[in-house]
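Below is model.cif, holding mmCIF, C-alpha atoms and all ligand atoms.
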data_work
loop_
_atom_site.group_PDB
_atom_site.id
_atom_site.type_symbol
_atom_site.label_atom_id
_atom_site.label_comp_id
_atom_site.auth_asym_id
_atom_site.auth_seq_id
_atom_site.Cartn_x
_atom_site.Cartn_y
_atom_site.Cartn_z
ATOM 1 C CA MET O 25 -52.496 109.620 1.448
ATOM 2 C CA ALA O 26 -51.155 112.856 -0.039
ATOM 3 C CA LYS O 27 -47.969 114.203 1.504
ATOM 4 C CA THR O 28 -47.873 117.601 3.211
ATOM 5 C CA VAL O 29 -45.265 120.338 2.816
ATOM 6 C CA LEU O 30 -44.967 123.409 5.035
ATOM 7 C CA ILE O 31 -43.331 126.331 3.217
ATOM 8 C CA THR O 32 -42.254 129.545 4.950
ATOM 9 C CA GLY O 33 -42.118 132.728 2.883
ATOM 10 C CA ALA O 34 -44.658 131.454 0.369
ATOM 11 C CA THR O 35 -46.095 134.862 -0.552
ATOM 12 C CA ALA O 36 -43.430 135.667 -3.169
ATOM 13 C CA GLY O 37 -40.377 134.501 -5.063
ATOM 14 C CA PHE O 38 -39.006 131.038 -4.291
ATOM 15 C CA GLY O 39 -41.648 130.119 -1.722
ATOM 16 C CA LYS O 40 -44.505 130.895 -4.110
ATOM 17 C CA ALA O 41 -42.805 128.786 -6.815
ATOM 18 C CA PHE O 42 -42.258 125.937 -4.322
ATOM 19 C CA ALA O 43 -45.966 126.054 -3.486
ATOM 20 C CA ALA O 44 -46.913 125.770 -7.169
ATOM 21 C CA LYS O 45 -44.437 122.940 -7.801
ATOM 22 C CA PHE O 46 -45.486 120.847 -4.800
ATOM 23 C CA ALA O 47 -49.198 121.458 -5.486
ATOM 24 C CA ALA O 48 -48.718 120.339 -9.093
ATOM 25 C CA ASN O 49 -47.195 117.142 -7.721
ATOM 26 C CA GLY O 50 -50.099 116.265 -5.465
ATOM 27 C CA TYR O 51 -48.867 117.658 -2.137
ATOM 28 C CA ARG O 52 -51.137 119.289 0.426
ATOM 29 C CA LEU O 53 -49.706 122.685 1.314
ATOM 30 C CA ILE O 54 -49.271 124.716 4.469
ATOM 31 C CA ILE O 55 -48.189 128.104 3.164
ATOM 32 C CA THR O 56 -46.942 130.817 5.484
ATOM 33 C CA GLY O 57 -45.860 134.453 5.400
ATOM 34 C CA ARG O 58 -46.815 137.818 6.841
ATOM 35 C CA ARG O 59 -49.005 139.018 3.952
ATOM 36 C CA LYS O 60 -52.382 137.398 4.564
ATOM 37 C CA ASP O 61 -54.001 138.720 1.366
ATOM 38 C CA ARG O 62 -51.296 137.162 -0.782
ATOM 39 C CA LEU O 63 -51.550 133.833 1.028
ATOM 40 C CA GLN O 64 -55.293 133.799 0.398
ATOM 41 C CA ALA O 65 -54.859 134.645 -3.300
ATOM 42 C CA ILE O 66 -52.232 131.907 -3.736
ATOM 43 C CA LYS O 67 -54.459 129.430 -1.926
ATOM 44 C CA GLU O 68 -57.386 130.217 -4.235
ATOM 45 C CA GLN O 69 -55.270 130.037 -7.366
ATOM 46 C CA LEU O 70 -53.443 126.792 -6.532
ATOM 47 C CA SER O 71 -56.390 124.935 -5.066
ATOM 48 C CA ALA O 72 -58.401 125.696 -8.217
ATOM 49 C CA ALA O 73 -55.537 124.693 -10.516
ATOM 50 C CA HIS O 74 -54.508 121.511 -8.723
ATOM 51 C CA ASN O 75 -57.519 120.501 -6.648
ATOM 52 C CA THR O 76 -55.331 120.175 -3.573
ATOM 53 C CA GLU O 77 -55.901 121.115 0.067
ATOM 54 C CA ILE O 78 -54.130 124.277 1.247
ATOM 55 C CA LEU O 79 -53.883 125.785 4.730
ATOM 56 C CA THR O 80 -52.600 129.332 5.229
ATOM 57 C CA LEU O 81 -50.796 130.520 8.361
ATOM 58 C CA HIS O 82 -49.747 134.130 8.660
ATOM 59 C CA PHE O 83 -47.095 134.984 11.202
ATOM 60 C CA ASP O 84 -43.762 136.752 11.407
ATOM 61 C CA VAL O 85 -40.984 134.179 11.857
ATOM 62 C CA GLN O 86 -39.117 136.725 13.994
ATOM 63 C CA ASP O 87 -41.894 136.496 16.571
ATOM 64 C CA ARG O 88 -41.121 133.396 18.613
ATOM 65 C CA ASN O 89 -44.486 133.218 20.384
ATOM 66 C CA ALA O 90 -46.501 133.747 17.199
ATOM 67 C CA THR O 91 -44.438 131.105 15.399
ATOM 68 C CA PHE O 92 -44.937 128.471 18.102
ATOM 69 C CA LYS O 93 -48.617 129.332 18.475
ATOM 70 C CA ALA O 94 -49.233 128.973 14.732
ATOM 71 C CA ILE O 95 -47.615 125.543 14.583
ATOM 72 C CA GLU O 96 -48.889 124.250 17.927
ATOM 73 C CA THR O 97 -52.478 125.083 17.009
ATOM 74 C CA LEU O 98 -52.411 123.344 13.638
ATOM 75 C CA PRO O 99 -55.637 121.380 13.170
ATOM 76 C CA ALA O 100 -55.126 117.624 13.751
ATOM 77 C CA ALA O 101 -55.581 116.906 10.048
ATOM 78 C CA TRP O 102 -52.566 119.103 9.286
ATOM 79 C CA GLN O 103 -50.117 117.784 11.840
ATOM 80 C CA ASN O 104 -48.698 115.080 9.596
ATOM 81 C CA ILE O 105 -45.944 117.089 7.924
ATOM 82 C CA ASP O 106 -43.580 115.349 5.498
ATOM 83 C CA VAL O 107 -41.457 118.254 4.265
ATOM 84 C CA LEU O 108 -40.565 121.571 5.925
ATOM 85 C CA ILE O 109 -39.014 124.216 3.683
ATOM 86 C CA ASN O 110 -37.378 127.018 5.659
ATOM 87 C CA ASN O 111 -37.315 129.671 2.978
ATOM 88 C CA ALA O 112 -38.480 132.963 4.580
ATOM 89 C CA GLY O 113 -35.599 135.389 4.539
ATOM 90 C CA LEU O 114 -34.217 138.629 3.247
ATOM 91 C CA ALA O 115 -31.278 140.910 2.758
ATOM 92 C CA LEU O 116 -31.525 144.536 3.841
ATOM 93 C CA GLY O 117 -29.011 147.027 2.480
ATOM 94 C CA ARG O 118 -25.701 146.507 0.781
ATOM 95 C CA ASP O 119 -23.262 148.670 2.726
ATOM 96 C CA TYR O 120 -19.753 148.568 4.071
ATOM 97 C CA VAL O 121 -19.674 147.129 7.553
ATOM 98 C CA ASP O 122 -18.884 150.563 9.003
ATOM 99 C CA ASP O 123 -21.845 152.167 7.194
ATOM 100 C CA ALA O 124 -24.386 149.394 7.713
ATOM 101 C CA ASN O 125 -27.573 149.929 9.661
ATOM 102 C CA LEU O 126 -27.863 148.001 12.940
ATOM 103 C CA ASP O 127 -31.614 147.570 12.584
ATOM 104 C CA ASP O 128 -31.056 145.954 9.173
ATOM 105 C CA TRP O 129 -28.546 143.576 10.730
ATOM 106 C CA GLU O 130 -30.948 142.630 13.497
ATOM 107 C CA THR O 131 -33.820 142.029 11.084
ATOM 108 C CA MET O 132 -31.657 139.758 8.931
ATOM 109 C CA ILE O 133 -30.354 137.785 11.909
ATOM 110 C CA ASN O 134 -33.816 137.537 13.474
ATOM 111 C CA THR O 135 -35.430 136.374 10.231
ATOM 112 C CA ASN O 136 -32.812 134.320 8.391
ATOM 113 C CA LEU O 137 -31.345 132.559 11.415
ATOM 114 C CA LYS O 138 -33.527 132.844 14.493
ATOM 115 C CA GLY O 139 -36.779 132.605 12.515
ATOM 116 C CA LEU O 140 -35.565 129.468 10.753
ATOM 117 C CA MET O 141 -34.618 127.956 14.106
ATOM 118 C CA TYR O 142 -37.968 128.835 15.725
ATOM 119 C CA VAL O 143 -39.965 127.297 12.865
ATOM 120 C CA THR O 144 -37.809 124.173 12.891
ATOM 121 C CA LYS O 145 -38.053 123.753 16.659
ATOM 122 C CA ALA O 146 -41.841 124.168 16.504
ATOM 123 C CA VAL O 147 -42.298 121.675 13.653
ATOM 124 C CA LEU O 148 -39.781 119.071 14.862
ATOM 125 C CA PRO O 149 -42.086 117.255 17.335
ATOM 126 C CA LEU O 150 -44.427 116.544 14.415
ATOM 127 C CA LEU O 151 -41.598 115.114 12.287
ATOM 128 C CA ILE O 152 -40.069 113.138 15.156
ATOM 129 C CA LYS O 153 -43.441 111.540 15.913
ATOM 130 C CA ASN O 154 -43.373 110.072 12.398
ATOM 131 C CA THR O 155 -39.681 109.012 12.590
ATOM 132 C CA LYS O 156 -39.211 110.486 9.158
ATOM 133 C CA GLY O 157 -39.391 113.798 7.416
ATOM 134 C CA HIS O 158 -37.326 116.202 5.400
ATOM 135 C CA ILE O 159 -36.140 119.672 6.382
ATOM 136 C CA ILE O 160 -34.937 121.852 3.531
ATOM 137 C CA ASN O 161 -33.142 125.046 4.511
ATOM 138 C CA ILE O 162 -32.648 127.753 1.901
ATOM 139 C CA GLY O 163 -29.142 129.155 2.242
ATOM 140 C CA SER O 164 -27.381 131.018 -0.555
ATOM 141 C CA THR O 165 -24.144 131.230 -2.478
ATOM 142 C CA ALA O 166 -23.600 134.010 0.092
ATOM 143 C CA ALA O 167 -23.026 131.192 2.603
ATOM 144 C CA LYS O 168 -20.122 129.906 0.550
ATOM 145 C CA GLU O 169 -18.141 133.077 -0.265
ATOM 146 C CA VAL O 170 -18.499 136.421 1.461
ATOM 147 C CA TYR O 171 -18.713 139.394 -0.905
ATOM 148 C CA GLU O 172 -18.008 143.081 -0.382
ATOM 149 C CA LYS O 173 -20.852 144.826 1.482
ATOM 150 C CA GLY O 174 -22.517 141.450 2.109
ATOM 151 C CA ASN O 175 -21.308 141.266 5.732
ATOM 152 C CA ALA O 176 -24.377 140.464 7.863
ATOM 153 C CA TYR O 177 -26.421 138.819 5.095
ATOM 154 C CA CYS O 178 -23.506 136.492 4.271
ATOM 155 C CA ALA O 179 -23.078 135.791 7.983
ATOM 156 C CA THR O 180 -26.725 134.753 8.337
ATOM 157 C CA LYS O 181 -26.466 132.427 5.353
ATOM 158 C CA SER O 182 -23.209 130.897 6.648
ATOM 159 C CA ALA O 183 -25.133 130.337 9.858
ATOM 160 C CA VAL O 184 -27.912 128.596 7.911
ATOM 161 C CA GLU O 185 -25.265 126.271 6.498
ATOM 162 C CA ALA O 186 -23.876 125.599 9.989
ATOM 163 C CA ILE O 187 -27.246 125.004 11.639
ATOM 164 C CA SER O 188 -28.179 122.664 8.777
ATOM 165 C CA LYS O 189 -25.068 120.602 9.541
ATOM 166 C CA GLY O 190 -25.957 120.582 13.225
ATOM 167 C CA MET O 191 -29.555 119.539 12.565
ATOM 168 C CA ARG O 192 -28.383 116.739 10.261
ATOM 169 C CA ILE O 193 -26.155 115.292 12.958
ATOM 170 C CA ASP O 194 -28.635 115.674 15.812
ATOM 171 C CA LEU O 195 -31.593 114.320 13.835
ATOM 172 C CA LEU O 196 -29.821 111.205 12.539
ATOM 173 C CA ARG O 197 -31.438 109.172 15.289
ATOM 174 C CA HIS O 198 -34.908 110.266 14.154
ATOM 175 C CA GLY O 199 -34.457 109.380 10.469
ATOM 176 C CA ILE O 200 -35.012 112.989 9.422
ATOM 177 C CA LYS O 201 -33.247 114.281 6.311
ATOM 178 C CA VAL O 202 -31.738 117.768 6.309
ATOM 179 C CA THR O 203 -30.886 119.419 3.013
ATOM 180 C CA ALA O 204 -29.326 122.852 2.606
ATOM 181 C CA ILE O 205 -29.888 124.408 -0.815
ATOM 182 C CA HIS O 206 -27.764 127.371 -1.825
ATOM 183 C CA PRO O 207 -29.097 129.276 -4.836
ATOM 184 C CA GLY O 208 -27.193 132.010 -6.622
ATOM 185 C CA ALA O 209 -28.745 135.175 -8.046
ATOM 186 C CA ALA O 210 -32.433 134.752 -8.862
ATOM 187 C CA GLU O 211 -34.878 137.435 -9.895
ATOM 188 C CA THR O 212 -37.586 137.656 -7.237
ATOM 189 C CA GLU O 213 -38.616 140.466 -4.875
ATOM 190 C CA PHE O 214 -35.313 139.883 -3.060
ATOM 191 C CA SER O 215 -33.425 142.865 -4.493
ATOM 192 C CA THR O 216 -36.426 145.197 -4.242
ATOM 193 C CA VAL O 217 -36.582 144.334 -0.544
ATOM 194 C CA ARG O 218 -32.811 144.627 -0.170
ATOM 195 C CA PHE O 219 -32.798 148.114 -1.721
ATOM 196 C CA LYS O 220 -35.927 149.134 0.182
ATOM 197 C CA GLY O 221 -38.199 149.604 -2.812
ATOM 198 C CA ASP O 222 -35.673 151.189 -5.189
ATOM 199 C CA GLU O 223 -36.662 149.258 -8.341
ATOM 200 C CA SER O 224 -33.965 150.733 -10.565
ATOM 201 C CA GLN O 225 -31.194 149.684 -8.154
ATOM 202 C CA ALA O 226 -32.856 146.289 -7.781
ATOM 203 C CA SER O 227 -33.151 145.560 -11.494
ATOM 204 C CA LYS O 228 -29.496 146.546 -12.103
ATOM 205 C CA VAL O 229 -28.476 143.464 -10.102
ATOM 206 C CA TYR O 230 -29.697 141.300 -12.988
ATOM 207 C CA ASP O 231 -28.385 143.420 -15.909
ATOM 208 C CA GLY O 232 -26.318 141.602 -18.523
ATOM 209 C CA PHE O 233 -27.061 137.985 -17.617
ATOM 210 C CA GLN O 234 -29.930 135.557 -17.236
ATOM 211 C CA PRO O 235 -30.414 134.843 -13.538
ATOM 212 C CA LEU O 236 -32.144 131.814 -12.076
ATOM 213 C CA SER O 237 -35.925 131.967 -11.991
ATOM 214 C CA PRO O 238 -37.891 130.914 -8.894
ATOM 215 C CA GLU O 239 -39.180 127.984 -10.976
ATOM 216 C CA ASP O 240 -35.588 126.815 -11.622
ATOM 217 C CA VAL O 241 -34.984 126.709 -7.883
ATOM 218 C CA ALA O 242 -38.336 124.978 -7.264
ATOM 219 C CA GLU O 243 -37.376 122.263 -9.754
ATOM 220 C CA VAL O 244 -34.187 121.482 -7.819
ATOM 221 C CA VAL O 245 -35.780 121.707 -4.386
ATOM 222 C CA PHE O 246 -38.568 119.369 -5.449
ATOM 223 C CA TYR O 247 -36.046 116.920 -6.898
ATOM 224 C CA THR O 248 -34.367 116.548 -3.505
ATOM 225 C CA THR O 249 -37.689 115.280 -2.104
ATOM 226 C CA THR O 250 -38.101 112.583 -4.747
ATOM 227 C CA LEU O 251 -35.199 110.386 -3.668
ATOM 228 C CA PRO O 252 -35.628 107.150 -1.697
ATOM 229 C CA GLN O 253 -35.839 107.395 2.111
ATOM 230 C CA HIS O 254 -32.226 106.174 2.502
ATOM 231 C CA VAL O 255 -30.816 108.886 0.183
ATOM 232 C CA CYS O 256 -30.294 112.492 1.327
ATOM 233 C CA ILE O 257 -28.799 115.418 -0.565
ATOM 234 C CA ASN O 258 -26.970 117.225 2.216
ATOM 235 C CA ASP O 259 -25.758 120.418 0.589
ATOM 236 C CA LEU O 260 -26.416 121.685 -2.897
ATOM 237 C CA VAL O 261 -25.337 124.873 -4.716
ATOM 238 C CA LEU O 262 -27.146 125.983 -7.869
ATOM 239 C CA THR O 263 -26.442 129.062 -9.936
ATOM 240 C CA CYS O 264 -27.332 130.290 -13.390
ATOM 241 C CA THR O 265 -24.755 129.435 -16.030
ATOM 242 C CA ALA O 266 -23.470 133.028 -16.012
ATOM 243 C CA GLN O 267 -22.525 132.802 -12.332
ATOM 244 C CA ALA O 268 -19.618 130.757 -10.968
ATOM 245 C CA ASN O 269 -20.020 131.677 -7.295
ATOM 246 C CA SER O 270 -20.836 134.689 -5.106
ATOM 247 C CA LEU O 271 -18.015 136.689 -6.669
ATOM 248 C CA TYR O 272 -17.773 135.807 -10.365
ATOM 249 C CA PHE O 273 -20.384 136.598 -13.024
ATOM 250 C CA TYR O 274 -20.134 136.808 -16.800
ATOM 251 C CA LYS O 275 -22.168 139.891 -17.701
ATOM 252 C CA GLN O 276 -22.683 141.157 -21.246
ATOM 253 C CA GLY O 277 -23.692 144.562 -22.582
HETATM 254 P P1 LIG Z 1 -38.698 137.346 -1.867
HETATM 255 O O1 LIG Z 1 -38.493 138.694 -1.259
HETATM 256 O O2 LIG Z 1 -39.296 137.267 -3.208
HETATM 257 O O3 LIG Z 1 -39.544 136.428 -0.851
HETATM 258 C C1 LIG Z 1 -39.223 136.389 0.511
HETATM 259 C C2 LIG Z 1 -40.296 135.648 1.274
HETATM 260 O O4 LIG Z 1 -39.909 135.593 2.652
HETATM 261 C C3 LIG Z 1 -41.643 136.328 1.212
HETATM 262 O O5 LIG Z 1 -42.651 135.359 1.028
HETATM 263 C C4 LIG Z 1 -41.792 136.983 2.569
HETATM 264 O O6 LIG Z 1 -43.160 136.969 2.961
HETATM 265 C C5 LIG Z 1 -41.005 136.021 3.455
HETATM 266 N N1 LIG Z 1 -40.535 136.669 4.672
HETATM 267 C C6 LIG Z 1 -39.590 137.631 4.781
HETATM 268 N N2 LIG Z 1 -39.472 138.027 6.061
HETATM 269 C C7 LIG Z 1 -40.367 137.284 6.771
HETATM 270 C C8 LIG Z 1 -40.728 137.226 8.135
HETATM 271 N N3 LIG Z 1 -40.145 138.018 9.054
HETATM 272 N N4 LIG Z 1 -41.683 136.358 8.518
HETATM 273 C C9 LIG Z 1 -42.270 135.555 7.627
HETATM 274 N N5 LIG Z 1 -41.979 135.554 6.303
HETATM 275 C C10 LIG Z 1 -41.043 136.421 5.887
HETATM 276 O O7 LIG Z 1 -37.241 136.668 -1.846
HETATM 277 P P2 LIG Z 1 -36.726 135.240 -2.389
HETATM 278 O O8 LIG Z 1 -37.847 134.385 -2.775
HETATM 279 O O9 LIG Z 1 -35.655 135.513 -3.351
HETATM 280 O O10 LIG Z 1 -36.026 134.708 -1.063
HETATM 281 C C11 LIG Z 1 -36.391 133.492 -0.428
HETATM 282 C C12 LIG Z 1 -35.171 132.956 0.301
HETATM 283 O O11 LIG Z 1 -34.153 132.659 -0.648
HETATM 284 C C13 LIG Z 1 -34.531 133.924 1.296
HETATM 285 O O12 LIG Z 1 -34.112 133.183 2.422
HETATM 286 C C14 LIG Z 1 -33.332 134.473 0.538
HETATM 287 O O13 LIG Z 1 -32.321 134.894 1.413
HETATM 288 C C15 LIG Z 1 -32.924 133.248 -0.249
HETATM 289 N N6 LIG Z 1 -32.129 133.459 -1.438
HETATM 290 C C16 LIG Z 1 -32.523 134.319 -2.431
HETATM 291 C C17 LIG Z 1 -31.751 134.449 -3.580
HETATM 292 C C18 LIG Z 1 -32.097 135.405 -4.673
HETATM 293 O O14 LIG Z 1 -31.190 135.808 -5.438
HETATM 294 N N7 LIG Z 1 -33.360 135.796 -4.840
HETATM 295 C C19 LIG Z 1 -30.547 133.636 -3.778
HETATM 296 C C20 LIG Z 1 -30.229 132.787 -2.663
HETATM 297 C C21 LIG Z 1 -31.005 132.688 -1.562
HETATM 298 P P3 LIG Z 1 -43.933 138.177 3.681
HETATM 299 O O15 LIG Z 1 -43.257 139.442 3.274
HETATM 300 O O16 LIG Z 1 -45.339 138.049 3.181
HETATM 301 O O17 LIG Z 1 -43.809 137.854 5.117
HETATM 302 C C1 LIG Z 2 -29.018 136.049 -2.543
HETATM 303 C C2 LIG Z 2 -27.988 136.057 -3.598
HETATM 304 O O1 LIG Z 2 -25.816 137.116 -4.389
HETATM 305 O O2 LIG Z 2 -27.444 138.583 -3.374
HETATM 306 O O3 LIG Z 2 -28.698 135.179 -1.510
HETATM 307 O O4 LIG Z 2 -26.191 137.085 -2.021
HETATM 308 S S1 LIG Z 2 -26.821 137.276 -3.306
#
Let me see the structure of the file written as structure tokens.
Ligand code: NDP
Ligand code: 8X3
Amino acid sequence: MAKTVLITGATAGFGKAFAAKFAANGYRLIITGRRKDRLQAIKEQLSAAHNTEILTLHFDVQDRNATFKAIETLPAAWQNIDVLINNAGLALGRDYVDDANLDDWETMINTNLKGLMYVTKAVLPLLIKNTKGHIINIGSTAAKEVYEKGNAYCATKSAVEAISKGMRIDLLRHGIKVTAIHPGAAETEFSTVRFKGDESQASKVYDGFQPLSPEDVAEVVFYTTTLPQHVCINDLVLTCTAQANSLYFYKQG
């Protein structure tokens, strides 16, 4: 029987590329996000291209009740989940800590940390029932080194690293793998969201070097799911060749 992956934040960027990669490899998909029209378009495109079953769920991961309701009311045929990819997330603003906007901080914490925890808690009974499964949490190089004006975003990603460690320990007894993947700079809608629609500020982030593409990240994420049941990649950092870590880039021009 085909395996099933549930991907949060599948309407854009990494999540959309994960959906395409897993569909191309025979997975059934549960794709989630807030933008229903995009989920529907991705469903139509991928089911036509790969002849695979796709279920869409639209909810805001910040909304605890909506998150639990969406997962708890999954049709029986969709309750056998093999892989959960906690990918939904965002940065908002890039400001000194004394200038930063409190609402931006709350949205980042509520989405990147609390949202990830709500989705995991809601899906866990389904994984535990099967005494196997794989949770993949998308962190960031921002979890590894804090950069200037990265304050709250870096804190949320450090928290993703910490909660991944905690999940790995606590879920040992259920045979569930937990992998944290930490990508470096990748060109998606991330910077447009971070700079609140200012495309020129967003595109400057990627000037002078070739960043990761969402497909590069999808390749690595998918790889972690191909290993035997007794092998788990715990923590993995990937960057483009022009990036050493959160702080050091080689930019030309
Ligand atoms: P995009 O902005 O392209 O995609 C973000 C996705 O998250 C969208 O599908 C969006 O869907 C979803 N999302 C955001 N907020 C919510 C919410 N409250 N509820 C449900 N879904 C939500 O960014 P990326 O693909 O780049 O980012 C994906 C993840 O990767 C994030 O966690 C980000 O922090 C991380 N990351 C990104 C890097 C980069 O350089 N791009 C590098 C390292 C990590 P919708 O708006 O439809 O709800
Ligand atoms: C996204 C990459 O460098 O903007 O997590 O923090 S960065």
Could you give me the residues within 7 Å of ligand LIG 1 (chain Z), counting all atoms listed in the file, as a PyMOL selection string?
-> chain O and resi 32-39+56-59+83-86+111-115+135-136+162-165+206-214+217
Can you sort out the box for ligand LIG 2 (chain Z), edges along x, y and z, all listed atoms in, 5 Å on every side, with centre and edge lengths in Å to one decimal, as lines of an AutoDock Vina configuration file?
center_x = -27.4
center_y = 136.9
center_z = -2.9
size_x = 13.2
size_y = 13.4
size_z = 12.9
Selection near segment 153-161 of chain O, 7 Å with only C-alpha atoms, sequence-local residues under 2 positions removed, as a VMD selection string | chain O and resid 106 to 111 149 to 151 163 188 198 to 205
Residue members of the PyMOL selection byres (((chain O and resi 64-76) around 10) and not hetatm) in the file shown, as a PyMOL selection string | chain O and resi 26+34-36+40+43-55+59-63+77-82
In file coordinates, which residues lie within 10 Å of (-18.9, 140.4, 2.0) using all atoms listed in the file, given as an NGL selection string?
-> :O and (118-121 or 166 or 169-179 or 270-271)
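Going from atom CA of Ser224 of chain O over to atom CA of Asn134 of chain O, you cover 27.4 Å.
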Which value, in Å to one decimal, gives the distance between atom CA of Lys220 of chain O and atom CA of Gly117 of chain O?
->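 It comes out at 7.6 Å.
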Rank O:Lys138, O:Lys27, O:Lys189, O:His254 by their smallest atom-to-atom distance to Ala101 of chain O, using only C-alpha atoms, and report the top residue only.
->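 Closest residue, counting only C-alpha atoms: O:Lys27.
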Apply the PyMOL selection byres (((chain O and resi 225-233) around 6) and not hetatm) to the file shown and report the selected residues as JSON, numbers by chain.
-> {"O": [215, 216, 222, 223, 224, 234, 275, 276, 277]}
I need the residues from that last selection saved to file as an mmCIF file, in the coordinates of the input (with C-alpha atoms), if you can.
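What ended up in out-v4.cif:
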data_model
loop_
_atom_site.group_PDB
_atom_site.id
_atom_site.type_symbol
_atom_site.label_atom_id
_atom_site.label_comp_id
_atom_site.auth_asym_id
_atom_site.auth_seq_id
_atom_site.Cartn_x
_atom_site.Cartn_y
_atom_site.Cartn_z
ATOM 1 C CA SER O 215 -33.425 142.865 -4.493
ATOM 2 C CA THR O 216 -36.426 145.197 -4.242
ATOM 3 C CA ASP O 222 -35.673 151.189 -5.189
ATOM 4 C CA GLU O 223 -36.662 149.258 -8.341
ATOM 5 C CA SER O 224 -33.965 150.733 -10.565
ATOM 6 C CA GLN O 234 -29.930 135.557 -17.236
ATOM 7 C CA LYS O 275 -22.168 139.891 -17.701
ATOM 8 C CA GLN O 276 -22.683 141.157 -21.246
ATOM 9 C CA GLY O 277 -23.692 144.562 -22.582
#
What does the distance between atom CA of Lys168 of chain O and atom CA of Tyr272 of chain O come to in Å, to one decimal place?
->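 Rounded to one decimal, the two atoms are 12.6 Å apart.
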Using all atoms listed in the file, can you list as a list in words the residues within 12 Å of (-37.7, 118.8, -12.2)?
-> Phe42, Lys45, Phe46, Ala48, Asn49, Glu239, Asp240, Val241, Ala242, Glu243, Val244, Val245, Phe246, Tyr247, Thr248, Thr249 and Thr250 of chain O
Go ahead and write the selection's residues with C-alpha atoms as a short mmCIF file (atom, residue, chain, number, x, y, z; two decimals), in the frame of the given file.
data_model
loop_
_atom_site.label_atom_id
_atom_site.label_comp_id
_atom_site.auth_asym_id
_atom_site.auth_seq_id
_atom_site.Cartn_x
_atom_site.Cartn_y
_atom_site.Cartn_z
CA PHE O 42 -42.26 125.94 -4.32
CA LYS O 45 -44.44 122.94 -7.80
CA PHE O 46 -45.49 120.85 -4.80
CA ALA O 48 -48.72 120.34 -9.09
CA ASN O 49 -47.20 117.14 -7.72
CA GLU O 239 -39.18 127.98 -10.98
CA ASP O 240 -35.59 126.82 -11.62
CA VAL O 241 -34.98 126.71 -7.88
CA ALA O 242 -38.34 124.98 -7.26
CA GLU O 243 -37.38 122.26 -9.75
CA VAL O 244 -34.19 121.48 -7.82
CA VAL O 245 -35.78 121.71 -4.39
CA PHE O 246 -38.57 119.37 -5.45
CA TYR O 247 -36.05 116.92 -6.90
CA THR O 248 -34.37 116.55 -3.50
CA THR O 249 -37.69 115.28 -2.10
CA THR O 250 -38.10 112.58 -4.75
#
Option closest in space to Lys181 of chain O, from O:Ile257, O:Met132, O:Ala100, O:Leu251 [counting all atoms listed in the file] = O:Met132
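With all atoms listed in the file as the atoms that count, the residue of O:Ala167, O:Val184, O:Ala266, O:Arg192 with the shortest distance to ligand LIG 2 (chain Z) is O:Ala167.
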Point out the residue among O:Val261, O:Ala183, O:Leu195, O:Leu126 with the least atom-to-atom distance to Ile152 of chain O, counting all atoms listed in the file.
-> O:Leu195
Could you check which of O:Val143, O:Pro99, O:Asn258, O:Ser237 is closest to Ile193 of chain O, using all atoms listed in the file?
-> O:Asn258
Please write N, CA and C atoms of segment 132-142 of chain O, from the structure given just now, as a PDB file, in the first residue's frame.
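The file below, part_2.pdb, is the result:
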ATOM      1  N   MET O 132       5.312  34.797  14.875  1.00  0.00           N
ATOM      2  CA  MET O 132       6.393  33.818  14.630  1.00  0.00           C
ATOM      3  C   MET O 132       6.387  32.717  15.683  1.00  0.00           C
ATOM      4  N   ILE O 133       6.236  33.107  16.938  1.00  0.00           N
ATOM      5  CA  ILE O 133       6.225  32.090  18.013  1.00  0.00           C
ATOM      6  C   ILE O 133       5.008  31.176  17.854  1.00  0.00           C
ATOM      7  N   ASN O 134       3.855  31.786  17.572  1.00  0.00           N
ATOM      8  CA  ASN O 134       2.618  31.001  17.465  1.00  0.00           C
ATOM      9  C   ASN O 134       2.639  30.048  16.269  1.00  0.00           C
ATOM     10  N   THR O 135       3.303  30.456  15.200  1.00  0.00           N
ATOM     11  CA  THR O 135       3.340  29.616  13.996  1.00  0.00           C
ATOM     12  C   THR O 135       4.494  28.619  14.073  1.00  0.00           C
ATOM     13  N   ASN O 136       5.700  29.128  14.229  1.00  0.00           N
ATOM     14  CA  ASN O 136       6.901  28.283  14.079  1.00  0.00           C
ATOM     15  C   ASN O 136       7.059  27.291  15.226  1.00  0.00           C
ATOM     16  N   LEU O 137       6.628  27.689  16.415  1.00  0.00           N
ATOM     17  CA  LEU O 137       6.795  26.797  17.568  1.00  0.00           C
ATOM     18  C   LEU O 137       5.468  26.170  18.001  1.00  0.00           C
ATOM     19  N   LYS O 138       4.522  27.041  18.398  1.00  0.00           N
ATOM     20  CA  LYS O 138       3.279  26.465  18.927  1.00  0.00           C
ATOM     21  C   LYS O 138       2.518  25.708  17.845  1.00  0.00           C
ATOM     22  N   GLY O 139       2.493  26.236  16.637  1.00  0.00           N
ATOM     23  CA  GLY O 139       1.787  25.559  15.535  1.00  0.00           C
ATOM     24  C   GLY O 139       2.384  24.184  15.276  1.00  0.00           C
ATOM     25  N   LEU O 140       3.703  24.140  15.245  1.00  0.00           N
ATOM     26  CA  LEU O 140       4.397  22.848  15.026  1.00  0.00           C
ATOM     27  C   LEU O 140       4.033  21.859  16.132  1.00  0.00           C
ATOM     28  N   MET O 141       3.960  22.363  17.358  1.00  0.00           N
ATOM     29  CA  MET O 141       3.638  21.474  18.485  1.00  0.00           C
ATOM     30  C   MET O 141       2.182  21.006  18.430  1.00  0.00           C
ATOM     31  N   TYR O 142       1.274  21.903  18.043  1.00  0.00           N
ATOM     32  CA  TYR O 142      -0.145  21.504  17.935  1.00  0.00           C
ATOM     33  C   TYR O 142      -0.302  20.405  16.876  1.00  0.00           C
TER      34      TYR O 142
END
